[in-house]
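Visitor: Take this structure first; my questions come after.
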Amino acid sequence: MRRVAVLGAGKMGQAIVSGLLRAGWPADSVVATARSAERAAALREQYGVRVEPNAVAVAEADVVVVAVKPQDAAALLDELSGAFRSDAPVVSICAGLPVAFFEKRLPDTTPVVRAMPNTPALVDEAMTVLSPGTHADARCLAAVEELFKPLGRTLVVDEKHQDAVTAISGSGPAYFYYLAEAMTEAGVLMGLPRDVSKELVTQTALGAARMLRESGDSPVALREAVESPAGTTISAVRQLENHRARSAVTDAIEAARDRAREIAEEYA
């Protein structure tokens, strides 16, 4: 692939652009589109990439990343009817929209890959999950995976799992931020300066995540290693169980999954 077009360089689209550039892609190989002149100017100034109208970006691209909001995808594809090349893969990061949504609006045989990255792409720690469509062969999928590897880690799953992926890793950073916010506020309530409390929470989260990644142990085993009989940690965990924190997390993730399904029904 010589040129990538990112249609709709919002938060995730911008993360993809910046990640490609950090990975060594030359600026002239990345073209973006934006909804406003102000946004286009900011992208040009910050990254040195070209920002073009959608039709121009698509015509020049070897791969097209559709990064618009799900509700805007149909109008975008209608606008660009006839502009897509059937040999240029289309990658969708539109939450909830299935591969079939794109395949029925694009030229026959167009390779489509559904992707779900997350916002830690901005610091090269994304989790991106890919699902190939009908015409995306192994070579195409490997090429698309190379686009996202600079942003963090990648996985390939059957598309039937993508709504669950969206609920866990797509939305997941927000859950951790919510917990970090609550822990930080608890520290402040107990008298810690806010910056100290935030630093304690941040480093603890970073260390815990690294242990999950590198130790090979389950979350249960790692938790039990912190707990001691009649100690502070087990007292805290008991309160979490009393407040049904585990059930609340499950309910929240299921709600995110269900909303992803609703989006597909609303805009398909």
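Labels for the structure tokens follow display order: chains A, B, ..., residues from 1 in each chain, ligands from 1.
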Write out as number ranges by chain all residues of stretch 5-217 of chain A that DSSP puts in strand (DSSP E) for this structure's backbone.
Guide: A: 5-7, 30-32, 50-51, 63-66, 90-92, 112-116, 126-132, 152-156
Visitor: Could you dump the residues just selected with N, CA and C atoms as a short mmCIF file (atom, residue, chain, number, x, y, z; two decimals), in the first residue's frame?
Guide:
data_model
loop_
_atom_site.label_atom_id
_atom_site.label_comp_id
_atom_site.auth_asym_id
_atom_site.auth_seq_id
_atom_site.Cartn_x
_atom_site.Cartn_y
_atom_site.Cartn_z
N ALA A 5 -6.07 6.71 2.76
CA ALA A 5 -7.01 7.81 2.94
C ALA A 5 -7.81 7.55 4.20
N VAL A 6 -7.85 8.53 5.09
CA VAL A 6 -8.63 8.44 6.33
C VAL A 6 -9.80 9.41 6.20
N LEU A 7 -10.98 8.86 6.00
CA LEU A 7 -12.17 9.68 5.80
C LEU A 7 -12.80 9.99 7.15
N VAL A 30 -0.18 9.74 3.31
CA VAL A 30 -1.40 9.76 4.12
C VAL A 30 -2.22 10.99 3.74
N VAL A 31 -3.46 10.76 3.36
CA VAL A 31 -4.36 11.87 3.04
C VAL A 31 -5.59 11.74 3.93
N ALA A 32 -6.05 12.85 4.47
CA ALA A 32 -7.18 12.84 5.39
C ALA A 32 -8.30 13.71 4.86
N ARG A 50 -1.79 15.91 3.67
CA ARG A 50 -2.77 16.56 2.81
C ARG A 50 -4.16 16.32 3.34
N VAL A 51 -4.99 17.32 3.27
CA VAL A 51 -6.40 17.19 3.63
C VAL A 51 -7.20 17.58 2.40
N VAL A 63 -5.78 2.15 0.12
CA VAL A 63 -6.68 1.64 1.16
C VAL A 63 -7.42 2.82 1.75
N VAL A 64 -8.72 2.63 2.01
CA VAL A 64 -9.56 3.70 2.54
C VAL A 64 -10.04 3.31 3.93
N VAL A 65 -9.80 4.18 4.90
CA VAL A 65 -10.28 3.96 6.27
C VAL A 65 -11.47 4.89 6.48
N VAL A 66 -12.63 4.29 6.73
CA VAL A 66 -13.85 5.06 6.98
C VAL A 66 -13.96 5.27 8.49
N VAL A 90 -11.39 -1.36 1.84
CA VAL A 90 -12.07 -0.38 2.67
C VAL A 90 -12.10 -0.91 4.10
N VAL A 91 -11.61 -0.12 5.03
CA VAL A 91 -11.56 -0.49 6.43
C VAL A 91 -12.53 0.40 7.19
N SER A 92 -13.48 -0.21 7.87
CA SER A 92 -14.46 0.55 8.64
C SER A 92 -14.13 0.50 10.12
N VAL A 112 -13.56 -5.59 2.20
CA VAL A 112 -13.96 -4.78 3.35
C VAL A 112 -13.46 -5.47 4.62
N VAL A 113 -12.88 -4.69 5.51
CA VAL A 113 -12.45 -5.20 6.81
C VAL A 113 -13.06 -4.31 7.89
N ARG A 114 -13.73 -4.94 8.83
CA ARG A 114 -14.29 -4.20 9.97
C ARG A 114 -13.23 -4.16 11.06
N ALA A 115 -12.99 -2.98 11.61
CA ALA A 115 -11.95 -2.81 12.63
C ALA A 115 -12.52 -2.08 13.83
N MET A 116 -12.07 -2.49 15.02
CA MET A 116 -12.43 -1.78 16.23
C MET A 116 -11.17 -1.47 17.02
N ALA A 126 -2.98 0.81 21.62
CA ALA A 126 -4.34 0.44 21.24
C ALA A 126 -4.53 -1.06 21.26
N MET A 127 -5.79 -1.47 21.38
CA MET A 127 -6.21 -2.83 21.07
C MET A 127 -7.12 -2.71 19.86
N THR A 128 -6.67 -3.25 18.73
CA THR A 128 -7.45 -3.19 17.50
C THR A 128 -7.84 -4.60 17.10
N VAL A 129 -9.12 -4.81 16.85
CA VAL A 129 -9.64 -6.12 16.48
C VAL A 129 -10.23 -6.04 15.09
N LEU A 130 -9.82 -6.97 14.22
CA LEU A 130 -10.18 -6.95 12.81
C LEU A 130 -11.05 -8.14 12.45
N SER A 131 -12.00 -7.91 11.52
CA SER A 131 -12.82 -8.99 10.99
C SER A 131 -12.93 -8.80 9.48
N PRO A 132 -12.47 -9.78 8.69
CA PRO A 132 -12.51 -9.64 7.23
C PRO A 132 -13.90 -9.91 6.67
N GLY A 152 -0.49 -0.32 18.39
CA GLY A 152 -0.58 -1.17 19.57
C GLY A 152 -0.65 -2.63 19.17
N ARG A 153 -1.60 -3.36 19.75
CA ARG A 153 -1.76 -4.78 19.47
C ARG A 153 -2.98 -5.01 18.58
N THR A 154 -2.94 -6.12 17.84
CA THR A 154 -4.05 -6.46 16.94
C THR A 154 -4.47 -7.91 17.16
N LEU A 155 -5.75 -8.15 16.92
CA LEU A 155 -6.31 -9.49 16.91
C LEU A 155 -7.26 -9.61 15.73
N VAL A 156 -7.47 -10.83 15.26
CA VAL A 156 -8.44 -11.10 14.20
C VAL A 156 -9.49 -12.05 14.78
#
Visitor: Excluding stretch 102-105 of chain A and any residue of its chain fewer than 4 positions from it, enumerate the residues within 8 Å of it, using only C-alpha atoms, and give them as a PyMOL selection string.
Guide: chain A and resi 77-78+81+98+110+112
Visitor: Name the closest residue to A:Lys198 among the candidates A:Ala55, A:Met211, A:Ala138, A:Ala182; distances are taken between atoms, counting only C-alpha atoms.
Guide: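 Ranked by minimum distance to A:Lys198, first place goes to A:Ala182.
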Visitor: For each of A:His243, A:His161, A:Lys11, A:Arg259, take the minimum atom-to-atom distance to A:Ile93, counting only C-alpha atoms, then give the residue where this is smallest.
Guide: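 Closest candidate: A:Lys11.
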Visitor: Please identify the helix (DSSP H, G or I) residues within stretch 9-209 of chain A (assignment by DSSP from backbone atoms) and present them as a count of residues only.
Guide: 113
Visitor: Which polymer residues have any atom within 10 Å of an atom of stretch 19-26 of chain A, counting only C-alpha atoms, with same-chain residues fewer than 5 positions away left out, as a PyMOL selection string?
Guide: chain A and resi 2-4+13-14+47-49+121-124+146-152
Visitor: Give me the residues near A:Asn54 as a list in words, where near means some atom within 9 Å (using only C-alpha atoms) and where sequence neighbours in that chain fewer than 4 positions away do not count.
Guide: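 Near neighbours after the sequence-gap exclusion: Ala5, Leu7, Gly8, Ala32, Thr33, Ala34, Val58, Ala59, Leu76, Glu79 and Leu80 of chain A.
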Visitor: Deliver the residues from the most recent selection as a file, using N, CA, C and O atoms, as a CSV table (one decimal), in the first residue's frame.
Guide:
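again-v6.csv was written with the following content:
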chain,number,residue,atom,x,y,z
A,5,ALA,N,-6.1,6.7,2.8
A,5,ALA,CA,-7.0,7.8,2.9
A,5,ALA,C,-7.8,7.6,4.2
A,5,ALA,O,-8.4,6.5,4.4
A,7,LEU,N,-11.0,8.9,6.0
A,7,LEU,CA,-12.2,9.7,5.8
A,7,LEU,C,-12.8,10.0,7.2
A,7,LEU,O,-13.3,9.1,7.8
A,8,GLY,N,-12.7,11.2,7.6
A,8,GLY,CA,-13.2,11.7,8.8
A,8,GLY,C,-12.2,11.6,9.9
A,8,GLY,O,-12.2,10.7,10.8
A,32,ALA,N,-6.1,12.8,4.5
A,32,ALA,CA,-7.2,12.8,5.4
A,32,ALA,C,-8.3,13.7,4.9
A,32,ALA,O,-8.1,14.5,3.9
A,33,THR,N,-9.5,13.5,5.4
A,33,THR,CA,-10.6,14.4,5.1
A,33,THR,C,-11.1,14.9,6.5
A,33,THR,O,-11.0,14.3,7.5
A,34,ALA,N,-11.8,16.1,6.4
A,34,ALA,CA,-12.3,16.7,7.6
A,34,ALA,C,-13.6,17.5,7.3
A,34,ALA,O,-13.8,17.9,6.2
A,58,VAL,N,-10.4,9.4,-1.9
A,58,VAL,CA,-10.7,8.0,-2.2
A,58,VAL,C,-10.0,7.6,-3.6
A,58,VAL,O,-9.5,6.5,-3.7
A,59,ALA,N,-10.1,8.5,-4.5
A,59,ALA,CA,-9.6,8.2,-5.9
A,59,ALA,C,-8.1,7.9,-5.8
A,59,ALA,O,-7.6,7.1,-6.6
A,76,LEU,N,-22.1,9.2,3.4
A,76,LEU,CA,-20.8,9.3,2.8
A,76,LEU,C,-20.6,8.4,1.6
A,76,LEU,O,-20.1,8.7,0.6
A,79,GLU,N,-22.5,9.7,-1.3
A,79,GLU,CA,-21.8,10.8,-1.9
A,79,GLU,C,-20.7,10.3,-2.8
A,79,GLU,O,-20.4,10.9,-3.8
A,80,LEU,N,-20.0,9.2,-2.4
A,80,LEU,CA,-18.8,8.7,-3.1
A,80,LEU,C,-19.2,7.6,-4.1
A,80,LEU,O,-18.2,6.9,-4.5
Visitor: Using only C-alpha atoms for the distances, tell me which of A:Pro111, A:Arg194, A:Lys69, A:Leu222 is nearest to A:Ala208.
Guide: A:Leu222
